[in-house]
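**Student:** Can you keep this structure in mind? I'll have questions shortly.
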Amino acid sequence: METEDFETVKISSDDNIIVKVPVNVVHAFKNDTDQPMVMLAVSSREYNPDDDDTYPMVILQ
């Protein structure tokens, strides 16, 4: 979260891909079309609210 390095990946509805976000990588998804976006998120561990790794931050405008 300390650097301003970023990567933009454009994905279309024709793409069937898996996006793996490593641990401690700030990330966001933005739908820039008029069509609904459907995304399925899967975690390798059960969510624990006492060990939350989510931090509010504006990274997309």
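Residue numbering restarts at 1 for every chain of the structure tokens, chains are lettered A, B, ... in their displayed order, and ligands are numbered from 1 as they appear.
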Which neighbours of Ser12 of chain A fall inside 12 Å, counting only C-alpha atoms, when residues of the same chain fewer than 4 positions from it are skipped, and could you give them as an MDAnalysis selection string?

**Tutor:** chainID A and resid 16:17 30:33 35:38

**Student:** Can you tell me, as a list in words, what residues are no more than 12 Å from Pro22 of chain A when counting only C-alpha atoms, ignoring any on the same chain fewer than 3 positions away?

**Tutor:** Val19, Val25, Val26, His27, Ser43 and Ser44 of chain A

**Student:** Store the residues of this selection in a file with N, CA, C and O atoms, as a PDB file, in the first residue's frame.

**Tutor:**
ATOM      1  N   VAL A  19      -8.530 -14.353 -12.203  1.00  0.00           N
ATOM      2  CA  VAL A  19      -7.609 -13.316 -11.744  1.00  0.00           C
ATOM      3  C   VAL A  19      -7.235 -13.661 -10.310  1.00  0.00           C
ATOM      4  O   VAL A  19      -8.093 -13.679  -9.434  1.00  0.00           O
ATOM      5  N   VAL A  25      -1.993  -7.341  -1.678  1.00  0.00           N
ATOM      6  CA  VAL A  25      -1.988  -6.518  -2.888  1.00  0.00           C
ATOM      7  C   VAL A  25      -3.302  -5.748  -2.940  1.00  0.00           C
ATOM      8  O   VAL A  25      -4.386  -6.342  -2.931  1.00  0.00           O
ATOM      9  N   VAL A  26      -3.205  -4.426  -2.960  1.00  0.00           N
ATOM     10  CA  VAL A  26      -4.399  -3.589  -3.064  1.00  0.00           C
ATOM     11  C   VAL A  26      -4.974  -3.791  -4.453  1.00  0.00           C
ATOM     12  O   VAL A  26      -4.247  -3.795  -5.443  1.00  0.00           O
ATOM     13  N   HIS A  27      -6.298  -3.971  -4.537  1.00  0.00           N
ATOM     14  CA  HIS A  27      -6.906  -4.235  -5.833  1.00  0.00           C
ATOM     15  C   HIS A  27      -8.323  -3.689  -5.886  1.00  0.00           C
ATOM     16  O   HIS A  27      -8.948  -3.453  -4.851  1.00  0.00           O
ATOM     17  N   SER A  43     -12.181 -17.409  -1.796  1.00  0.00           N
ATOM     18  CA  SER A  43     -11.060 -17.246  -0.870  1.00  0.00           C
ATOM     19  C   SER A  43     -10.506 -18.611  -0.505  1.00  0.00           C
ATOM     20  O   SER A  43     -11.229 -19.606  -0.473  1.00  0.00           O
ATOM     21  N   SER A  44      -9.224 -18.647  -0.192  1.00  0.00           N
ATOM     22  CA  SER A  44      -8.602 -19.910   0.203  1.00  0.00           C
ATOM     23  C   SER A  44      -8.806 -20.204   1.693  1.00  0.00           C
ATOM     24  O   SER A  44      -8.442 -21.260   2.172  1.00  0.00           O
TER      25      SER A  44
END
